[in-house]
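Structure data (mmCIF, C-alpha atoms) from input_3.cif:
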data_target
loop_
_atom_site.label_atom_id
_atom_site.label_comp_id
_atom_site.auth_asym_id
_atom_site.auth_seq_id
_atom_site.Cartn_x
_atom_site.Cartn_y
_atom_site.Cartn_z
CA MET A 274 -13.95 -29.62 33.23
CA ARG A 275 -15.11 -26.25 31.97
CA ILE A 276 -13.01 -23.11 32.11
CA ALA A 277 -14.28 -19.64 31.20
CA THR A 278 -11.89 -16.89 30.15
CA LEU A 279 -13.33 -13.42 30.51
CA CYS A 280 -12.85 -9.96 29.16
CA GLY A 281 -15.14 -7.06 28.51
CA MET A 282 -16.04 -8.22 25.04
CA GLY A 283 -15.36 -11.94 24.83
CA PHE A 284 -13.14 -11.20 21.92
CA GLY A 285 -9.55 -10.07 22.21
CA THR A 286 -8.21 -10.63 25.68
CA SER A 287 -10.41 -13.59 26.60
CA MET A 288 -9.61 -15.27 23.30
CA MET A 289 -5.91 -14.77 23.88
CA LEU A 290 -6.21 -16.24 27.37
CA LYS A 291 -8.04 -19.22 25.91
CA LEU A 292 -5.24 -19.82 23.42
CA PHE A 293 -2.60 -19.74 26.15
CA ILE A 294 -4.61 -22.03 28.41
CA ASP A 295 -5.32 -24.52 25.60
CA ASP A 296 -1.56 -24.77 25.03
CA ILE A 297 -0.82 -25.19 28.72
CA LEU A 298 -3.45 -27.92 29.18
CA LYS A 299 -2.26 -29.77 26.12
CA ALA A 300 1.31 -29.75 27.39
CA GLU A 301 0.11 -31.11 30.73
CA GLY A 302 -2.08 -33.75 29.13
CA LEU A 303 -5.21 -32.26 30.68
CA LYS A 304 -8.57 -31.98 28.97
CA ALA A 305 -10.95 -29.08 29.43
CA GLU A 306 -13.38 -27.01 27.48
CA VAL A 307 -12.06 -23.46 27.51
CA VAL A 308 -14.63 -20.86 26.48
CA PRO A 309 -14.00 -17.14 25.99
CA TRP A 310 -16.82 -14.93 27.23
CA ASP A 311 -17.66 -11.32 27.80
CA LEU A 312 -18.38 -10.41 31.38
CA GLY A 313 -21.99 -9.43 30.71
CA SER A 314 -23.17 -12.60 29.02
CA PHE A 315 -21.07 -14.87 31.22
CA LYS A 316 -23.07 -14.16 34.38
CA GLY A 317 -25.19 -17.14 35.33
CA ASN A 318 -23.21 -19.74 33.40
CA LYS A 319 -21.87 -22.70 35.30
CA VAL A 320 -18.18 -23.46 34.95
CA ASP A 321 -15.49 -24.93 37.16
CA ILE A 322 -12.90 -22.20 36.82
CA VAL A 323 -13.07 -18.56 35.74
CA VAL A 324 -9.89 -16.90 34.47
CA ALA A 325 -9.97 -13.10 34.23
CA PRO A 326 -7.75 -10.01 34.34
CA THR A 327 -7.05 -8.75 37.89
CA ASP A 328 -9.07 -5.61 37.14
CA MET A 329 -12.27 -7.65 37.03
CA GLU A 330 -11.97 -8.85 40.60
CA SER A 331 -14.78 -6.62 41.86
CA HIS A 332 -17.23 -8.07 39.30
CA LEU A 333 -16.50 -11.65 40.33
CA ARG A 334 -16.97 -11.53 44.09
CA SER A 335 -20.22 -13.48 44.00
CA GLU A 336 -18.89 -16.05 41.51
CA LYS A 337 -19.28 -19.65 42.69
CA ALA A 338 -16.60 -21.14 40.45
CA LYS A 339 -12.94 -20.90 41.35
CA VAL A 340 -11.71 -17.48 40.22
CA VAL A 341 -8.18 -17.11 38.85
CA LEU A 342 -6.97 -13.53 38.39
CA ILE A 343 -4.13 -12.83 35.98
CA ARG A 344 -1.96 -9.74 36.26
CA ASN A 345 0.22 -10.13 33.17
CA LEU A 346 -2.08 -11.55 30.50
CA VAL A 347 0.73 -12.55 28.17
CA ASP A 348 2.91 -14.20 30.81
CA LYS A 349 2.54 -17.92 30.18
CA ALA A 350 4.36 -18.73 33.40
CA GLU A 351 1.91 -16.75 35.53
CA ILE A 352 -1.10 -18.19 33.70
CA LYS A 353 0.26 -21.73 33.96
CA THR A 354 1.06 -21.58 37.67
CA LYS A 355 -2.28 -20.07 38.62
CA VAL A 356 -4.49 -22.18 36.36
CA LEU A 357 -2.80 -25.47 37.25
CA GLU A 358 -3.10 -24.65 40.92
CA ALA A 359 -6.81 -23.99 40.47
CA ILE A 360 -7.23 -27.29 38.63
CA ARG A 361 -5.41 -29.16 41.39
CA ASN A 362 -7.78 -27.68 43.92
CA LEU A 363 -10.91 -28.81 42.11
CA PRO A 364 -12.89 -31.79 43.36
CA LEU A 365 -11.34 -34.88 41.76
CA GLN A 366 -14.19 -35.97 39.52
CA ASP A 367 -14.08 -32.62 37.71
CA THR A 368 -10.50 -32.87 36.48
CA LYS A 369 -11.25 -35.62 34.01
CA MET B 134 -2.46 -8.51 9.48
CA ILE B 135 0.01 -5.75 10.09
CA SER B 136 1.02 -3.76 7.04
CA GLU B 137 3.91 -1.41 6.37
CA ASN B 138 1.43 1.40 6.72
CA THR B 139 0.25 0.40 10.17
CA ALA B 140 3.55 0.03 12.05
CA ARG B 141 5.31 3.10 13.42
CA ALA B 142 8.38 3.12 15.64
CA LYS B 143 9.32 5.51 18.44
CA VAL B 144 6.57 8.07 18.05
CA LEU B 145 6.15 10.83 20.59
CA MET B 146 2.71 10.98 22.20
CA ALA B 147 1.46 13.29 24.92
CA SER B 148 -1.39 11.13 26.21
CA TRP B 149 -3.12 7.77 25.81
CA GLU B 150 -5.90 9.44 23.83
CA ALA B 151 -3.36 10.83 21.38
CA ALA B 152 -1.79 7.38 21.03
CA VAL B 153 -5.19 5.81 20.25
CA ASP B 154 -5.89 8.54 17.69
CA TYR B 155 -2.53 7.97 16.08
CA VAL B 156 -2.67 4.19 15.76
CA GLY B 157 -6.34 4.39 14.76
CA THR B 158 -5.56 6.88 12.03
CA LEU B 159 -2.95 4.52 10.60
CA LEU B 160 -5.69 1.89 10.22
CA VAL B 161 -8.13 4.41 8.73
CA ASN B 162 -5.60 5.66 6.19
CA ASP B 163 -4.81 2.07 5.24
CA HIS B 164 -8.54 1.52 4.58
CA LYS B 165 -8.79 -1.15 7.25
CA VAL B 166 -11.33 0.55 9.51
CA ARG B 167 -13.75 3.43 9.21
CA PRO B 168 -13.01 6.64 11.16
CA GLU B 169 -15.68 5.84 13.76
CA TYR B 170 -13.60 2.88 14.90
CA ILE B 171 -11.24 5.29 16.68
CA PRO B 172 -13.76 6.78 19.14
CA ALA B 173 -15.17 3.26 19.52
CA MET B 174 -11.79 1.96 20.71
CA LYS B 175 -11.56 4.81 23.20
CA ARG B 176 -15.07 4.17 24.45
CA VAL B 177 -14.41 0.46 24.88
CA PHE B 178 -11.17 1.18 26.71
CA THR B 179 -12.84 3.60 29.10
CA GLU B 180 -15.92 1.44 29.64
CA LEU B 181 -14.18 -1.84 30.19
CA GLY B 182 -11.39 -0.61 32.36
CA PRO B 183 -7.65 -0.62 32.07
CA TYR B 184 -7.20 -4.40 31.83
CA ALA B 185 -6.53 -3.86 28.13
CA VAL B 186 -3.09 -2.95 29.42
CA LEU B 187 -2.33 -6.67 29.23
CA ALA B 188 1.18 -6.68 30.54
CA PRO B 189 3.80 -4.21 31.71
CA GLY B 190 4.02 -1.56 28.98
CA ILE B 191 1.60 -3.27 26.56
CA VAL B 192 -1.92 -2.22 25.63
CA LEU B 193 -4.17 -4.10 23.20
CA LEU B 194 -6.95 -1.86 21.94
CA HIS B 195 -9.98 -2.97 20.02
CA ALA B 196 -13.68 -2.32 19.55
CA ARG B 197 -16.41 -4.45 17.99
CA PRO B 198 -16.45 -5.65 14.37
CA GLU B 199 -19.63 -3.64 13.80
CA ASP B 200 -17.89 -0.47 14.96
CA GLY B 201 -16.41 -0.06 11.50
CA VAL B 202 -13.90 -2.80 10.70
CA LEU B 203 -13.46 -3.21 6.94
CA GLU B 204 -10.68 -5.82 6.99
CA PRO B 205 -8.96 -7.81 9.73
CA CYS B 206 -6.07 -5.64 10.80
CA LEU B 207 -3.42 -4.85 13.32
CA GLY B 208 -1.73 -1.55 14.02
CA LEU B 209 1.25 -1.06 16.29
CA ILE B 210 3.04 2.03 17.48
CA THR B 211 5.99 2.00 19.80
CA LEU B 212 6.35 5.11 21.93
CA ALA B 213 9.55 7.06 22.36
CA ASP B 214 8.35 8.06 25.85
CA PRO B 215 5.90 5.71 27.59
CA VAL B 216 2.53 7.22 28.57
CA PRO B 217 0.16 6.16 31.37
CA PHE B 218 -3.08 4.37 30.41
CA GLY B 219 -4.46 4.23 33.94
CA HIS B 220 -3.49 0.69 34.93
CA SER B 221 -2.49 0.15 38.54
CA GLU B 222 0.51 -2.03 37.81
CA ASN B 223 1.28 -2.25 34.10
CA ASP B 224 1.68 1.47 33.39
CA PRO B 225 3.31 3.27 31.66
CA VAL B 226 2.74 1.92 28.17
CA ASP B 227 5.22 1.94 25.30
CA LEU B 228 3.65 -0.64 22.95
CA VAL B 229 0.20 0.27 21.61
CA PHE B 230 -1.53 -2.46 19.58
CA ALA B 231 -4.85 -1.84 17.84
CA LEU B 232 -6.79 -4.82 16.59
CA GLY B 233 -9.66 -4.88 14.16
CA ALA B 234 -11.61 -8.12 13.89
CA VAL B 235 -14.36 -8.95 11.42
CA ASP B 236 -15.80 -11.90 13.30
CA LYS B 237 -14.98 -14.06 16.25
CA SER B 238 -13.84 -17.28 14.68
CA ALA B 239 -12.00 -16.06 11.59
CA HIS B 240 -9.68 -14.16 13.81
CA ILE B 241 -8.33 -16.89 16.01
CA SER B 242 -5.21 -17.66 14.02
CA ALA B 243 -4.31 -13.99 13.88
CA LEU B 244 -4.77 -13.68 17.62
CA GLN B 245 -2.72 -16.80 18.07
CA GLN B 246 0.16 -15.15 16.24
CA LEU B 247 -0.22 -12.06 18.36
CA ALA B 248 -0.39 -14.10 21.54
CA GLY B 249 2.75 -15.95 20.55
CA MET B 250 4.50 -12.68 19.92
CA LEU B 251 3.40 -11.03 23.15
CA GLY B 252 4.30 -14.10 25.16
CA ASP B 253 7.83 -14.10 23.80
CA PRO B 254 10.17 -11.83 25.80
CA GLN B 255 12.84 -11.95 23.08
CA LYS B 256 10.32 -10.78 20.47
CA LEU B 257 9.16 -7.96 22.72
CA LYS B 258 12.75 -6.88 23.14
CA GLU B 259 13.17 -6.76 19.36
CA ILE B 260 9.95 -4.78 18.94
CA ARG B 261 11.07 -2.31 21.59
CA SER B 262 14.51 -1.86 20.10
CA ALA B 263 13.33 -1.28 16.50
CA GLN B 264 14.40 2.28 15.79
CA ASP B 265 12.48 2.93 12.58
CA ASP B 266 9.22 1.89 10.93
CA GLN B 267 10.82 -0.47 8.48
CA MET B 268 12.72 -2.33 11.14
CA LEU B 269 9.60 -2.58 13.27
CA PHE B 270 7.59 -3.98 10.38
CA LYS B 271 10.33 -6.51 9.69
CA VAL B 272 10.36 -7.68 13.29
CA MET B 273 6.57 -8.02 13.21
CA VAL B 274 6.33 -10.06 10.03
CA GLY B 275 9.40 -12.09 10.93
CA ASN B 276 7.20 -13.83 13.46
CA SER B 277 4.50 -15.09 11.17
#

As structure tokens:
Amino acid sequence: MRIATLCGMGFGTSMMLKLFIDDILKAEGLKAEVVPWDLGSFKGNKVDIVVAPTDMESHLRSEKAKVVLIRNLVDKAEIKTKVLEAIRNLPLQDTK
Amino acid sequence: MISENTARAKVLMASWEAAVDYVGTLLVNDHKVRPEYIPAMKRVFTELGPYAVLAPGIVLLHARPEDGVLEPCLGLITLADPVPFGHSENDPVDLVFALGAVDKSAHISALQQLAGMLGDPQKLKEIRSAQDDQMLFKVMVGNS
């Protein structure tokens, strides 16, 4: 399973999201490759789930992966609920 | 990453631009970034949109390493009166963080600390209730 975290630069916010998600997945015993990206260079990459700030919604309308939008980017509870729900909704073979 | 010279409590700012100037100047005077890093942070904030307002009341500003970062650094000002940064839900802002990174990978542990801090409601409460610079600095380093 591949998860992209996005921000404008692939640096601060996306890295922080990655750190939170790594923790969450570890606690749940789930394995995934979580990669921080900037919006510009992300386009065209194939992942299972994209996690991004709510503000980026308009840039992700044509995205084929499952898009998870986070309002409070430091709220572990919000990130956990939304990301785990997205993982549950993936086709089964991808959650390994 | 934060130093005594880059933490200021309860400052009074008229606008988001003034707040960026202020926290940026702390980093410049502490020889952590070059002066051009300040307009770079503003440009990045305006270009990328208000999502840098990560959470209610919290903004994390940064530009690129090549925009003039001399040393990995963190500045923080807490505002006496919150100011709007143009976010639809998380405005107004009272905690202004400014991050300077030298490269992507070397900075992960620092970001991890920051993430831990920002994800901890008790810590945020302590940061917000620090009444002077010294107390604020103490709260910040107490975490690491």

Once you count only C-alpha atoms, what closest atom pair and distance in Å to one decimal does each residue of chain A within 12 Å of chain B have, with rows by chain and rising residue number, as CSV?
residue,atom,partner,partner_atom,distance
A:Leu279,CA,B:Tyr184,CA,11.0
A:Cys280,CA,B:Leu181,CA,8.3
A:Gly281,CA,B:Leu181,CA,5.6
A:Met282,CA,B:Arg197,CA,8.0
A:Gly283,CA,B:Lys237,CA,8.8
A:Phe284,CA,B:Lys237,CA,6.6
A:Gly285,CA,B:His195,CA,7.4
A:Thr286,CA,B:Ala185,CA,7.4
A:Ser287,CA,B:Ala185,CA,10.6
A:Met288,CA,B:Ile241,CA,7.6
A:Met289,CA,B:Ala248,CA,6.0
A:Leu290,CA,B:Ala248,CA,8.5
A:Lys291,CA,B:Gln245,CA,9.8
A:Leu292,CA,B:Gln245,CA,6.6
A:Phe293,CA,B:Ala248,CA,7.6
A:Ile294,CA,B:Ala248,CA,11.3
A:Asp295,CA,B:Gln245,CA,11.1
A:Asp296,CA,B:Gln245,CA,10.6
A:Pro309,CA,B:Lys237,CA,10.3
A:Trp310,CA,B:Lys237,CA,11.2
A:Asp311,CA,B:Leu181,CA,10.4
A:Leu312,CA,B:Leu181,CA,9.6
A:Gly313,CA,B:Leu181,CA,10.9
A:Ala325,CA,B:Tyr184,CA,9.4
A:Pro326,CA,B:Tyr184,CA,6.2
A:Thr327,CA,B:Tyr184,CA,7.5
A:Asp328,CA,B:Tyr184,CA,5.8
A:Met329,CA,B:Tyr184,CA,8.0
A:Glu330,CA,B:Tyr184,CA,10.9
A:Ser331,CA,B:Gly182,CA,11.7
A:His332,CA,B:Leu181,CA,11.5
A:Leu342,CA,B:Tyr184,CA,11.2
A:Ile343,CA,B:Leu187,CA,9.3
A:Arg344,CA,B:Ala188,CA,7.2
A:Asn345,CA,B:Ala188,CA,4.4
A:Leu346,CA,B:Leu187,CA,5.0
A:Val347,CA,B:Gly252,CA,4.9
A:Asp348,CA,B:Gly252,CA,5.8
A:Lys349,CA,B:Gly252,CA,6.5
A:Ala350,CA,B:Gly252,CA,9.5
A:Glu351,CA,B:Gly252,CA,11.0
A:Ile352,CA,B:Gly252,CA,10.9

Next item on the list: Apply the PyMOL selection byres ((chain A and resi 336-340) around 6) to the displayed file and report the matching residues as a PyMOL selection string.
Entry: chain A and resi 321-323+333-335+341

Margin query: Could you check the closest approach to Ala231 (chain B) for each of B:Cys206, B:Leu212, B:Glu150, B:Lys258 and tell me which residue wins, using all atoms listed in the file?
Written below: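 Smallest distance to Ala231 (chain B) is found for B:Cys206.
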
Margin query: Using Å and a single decimal, report how far CA of Val216 (chain B) sits from CA of Asn162 (chain B).
Written below: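 Interatomic distance, CA of Asn162 (chain B) to CA of Val216 (chain B): 23.9 Å.
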
Item checked: Answer key for the PyMOL selection byres ((chain B and resi 266) around 10), residues as a PyMOL selection string -> chain B and resi 137-144+210-211+263-265+267-272

Using all atoms of region 353-363 of chain A that appear in the file, construct an axis-aligned enclosing box with 8 Å of padding on every side and provide its centre coordinates and edge lengths in Å, rounded to one decimal, as JSON.
{"center_x": -4.9, "center_y": -24.6, "center_z": 38.9, "size_x": 28.0, "size_y": 25.1, "size_z": 26.0}

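The spacing separating CA of Leu145 (chain B) from CA of Met174 (chain B) amounts to 20.0 Å.
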
Check: Looking at B:Ala151, B:Leu257, B:Met134, B:Val202, which one is nearest to Pro217 (chain B), with distances taken over all atoms listed in the file?
Finding: B:Ala151

Checklist line | Distance criterion (all atoms listed in the file): nearest to Val307 (chain A) out of A:Val324, A:Lys353, A:Glu358, A:Pro364 | finding: A:Val324

Note to self: Would you compute the distance between CA of Pro172 (chain B) and CA of Val153 (chain B)? Give it in Å to one decimal.
What the structure shows: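 The value is 8.7 Å.
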
Near-Gly190 (chain B) list (6 Å; all atoms listed in the file; drop same-chain fewer than 2 positions) as a compact mmCIF listing (two decimals) with C-alpha atoms, in the frame of the given file:
# COMPACT_ATOMS: atom_id res chain seq x y z
CA ASN B 223 1.28 -2.25 34.10
CA ASP B 224 1.68 1.47 33.39
CA PRO B 225 3.31 3.27 31.66
CA VAL B 226 2.74 1.92 28.17
CA ASP B 227 5.22 1.94 25.30

Next item on the list: Using the chain letters and numbering of this document, enumerate as a list of chain:residue names the residues selected by the PyMOL selection byres ((chain B and resi 201) around 10).
Entry: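 After applying the PyMOL selection byres ((chain B and resi 201) around 10), what remains is B:Val161, B:Lys165, B:Val166, B:Arg167, B:Pro168, B:Glu169, B:Tyr170, B:Ile171, B:Ala173, B:Ala196, B:Arg197, B:Pro198, B:Glu199, B:Asp200, B:Val202, B:Leu203, B:Glu204, B:Gly233, B:Ala234, B:Val235.
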
Missing atoms in region 256-272 of chain B should be modelled up to N, CA and C atoms and reported as an mmCIF file, in the coordinates of the input.
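Now in selection.cif:
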data_model
loop_
_atom_site.group_PDB
_atom_site.id
_atom_site.type_symbol
_atom_site.label_atom_id
_atom_site.label_comp_id
_atom_site.auth_asym_id
_atom_site.auth_seq_id
_atom_site.Cartn_x
_atom_site.Cartn_y
_atom_site.Cartn_z
ATOM 1 N N LYS B 256 11.028 -11.518 21.515
ATOM 2 C CA LYS B 256 10.320 -10.780 20.470
ATOM 3 C C LYS B 256 9.980 -9.371 20.944
ATOM 4 N N LEU B 257 9.510 -9.280 22.179
ATOM 5 C CA LEU B 257 9.160 -7.960 22.720
ATOM 6 C C LEU B 257 10.379 -7.055 22.763
ATOM 7 N N LYS B 258 11.519 -7.653 23.094
ATOM 8 C CA LYS B 258 12.750 -6.880 23.140
ATOM 9 C C LYS B 258 13.079 -6.335 21.742
ATOM 10 N N GLU B 259 12.898 -7.190 20.737
ATOM 11 C CA GLU B 259 13.170 -6.760 19.360
ATOM 12 C C GLU B 259 12.207 -5.651 18.923
ATOM 13 N N ILE B 260 10.933 -5.808 19.294
ATOM 14 C CA ILE B 260 9.950 -4.780 18.940
ATOM 15 C C ILE B 260 10.331 -3.454 19.585
ATOM 16 N N ARG B 261 10.731 -3.535 20.858
ATOM 17 C CA ARG B 261 11.070 -2.310 21.590
ATOM 18 C C ARG B 261 12.352 -1.669 21.088
ATOM 19 N N SER B 262 13.252 -2.479 20.510
ATOM 20 C CA SER B 262 14.510 -1.860 20.100
ATOM 21 C C SER B 262 14.500 -1.441 18.622
ATOM 22 N N ALA B 263 13.407 -1.734 17.897
ATOM 23 C CA ALA B 263 13.330 -1.280 16.500
ATOM 24 C C ALA B 263 13.301 0.245 16.463
ATOM 25 N N GLN B 264 14.266 0.822 15.761
ATOM 26 C CA GLN B 264 14.400 2.280 15.790
ATOM 27 C C GLN B 264 13.625 2.991 14.684
ATOM 28 N N ASP B 265 13.277 2.272 13.617
ATOM 29 C CA ASP B 265 12.480 2.930 12.580
ATOM 30 C C ASP B 265 11.345 2.017 12.116
ATOM 31 N N ASP B 266 10.437 2.591 11.323
ATOM 32 C CA ASP B 266 9.220 1.890 10.930
ATOM 33 C C ASP B 266 9.517 0.588 10.181
ATOM 34 N N GLN B 267 10.497 0.673 9.305
ATOM 35 C CA GLN B 267 10.820 -0.470 8.480
ATOM 36 C C GLN B 267 11.323 -1.645 9.309
ATOM 37 N N MET B 268 12.176 -1.307 10.274
ATOM 38 C CA MET B 268 12.720 -2.330 11.140
ATOM 39 C C MET B 268 11.608 -2.954 11.990
ATOM 40 N N LEU B 269 10.712 -2.108 12.457
ATOM 41 C CA LEU B 269 9.600 -2.580 13.270
ATOM 42 C C LEU B 269 8.712 -3.534 12.468
ATOM 43 N N PHE B 270 8.420 -3.142 11.246
ATOM 44 C CA PHE B 270 7.590 -3.980 10.380
ATOM 45 C C PHE B 270 8.258 -5.337 10.141
ATOM 46 N N LYS B 271 9.560 -5.288 9.921
ATOM 47 C CA LYS B 271 10.330 -6.510 9.690
ATOM 48 C C LYS B 271 10.257 -7.444 10.884
ATOM 49 N N VAL B 272 10.431 -6.878 12.064
ATOM 50 C CA VAL B 272 10.360 -7.680 13.290
ATOM 51 C C VAL B 272 8.969 -8.317 13.403
#
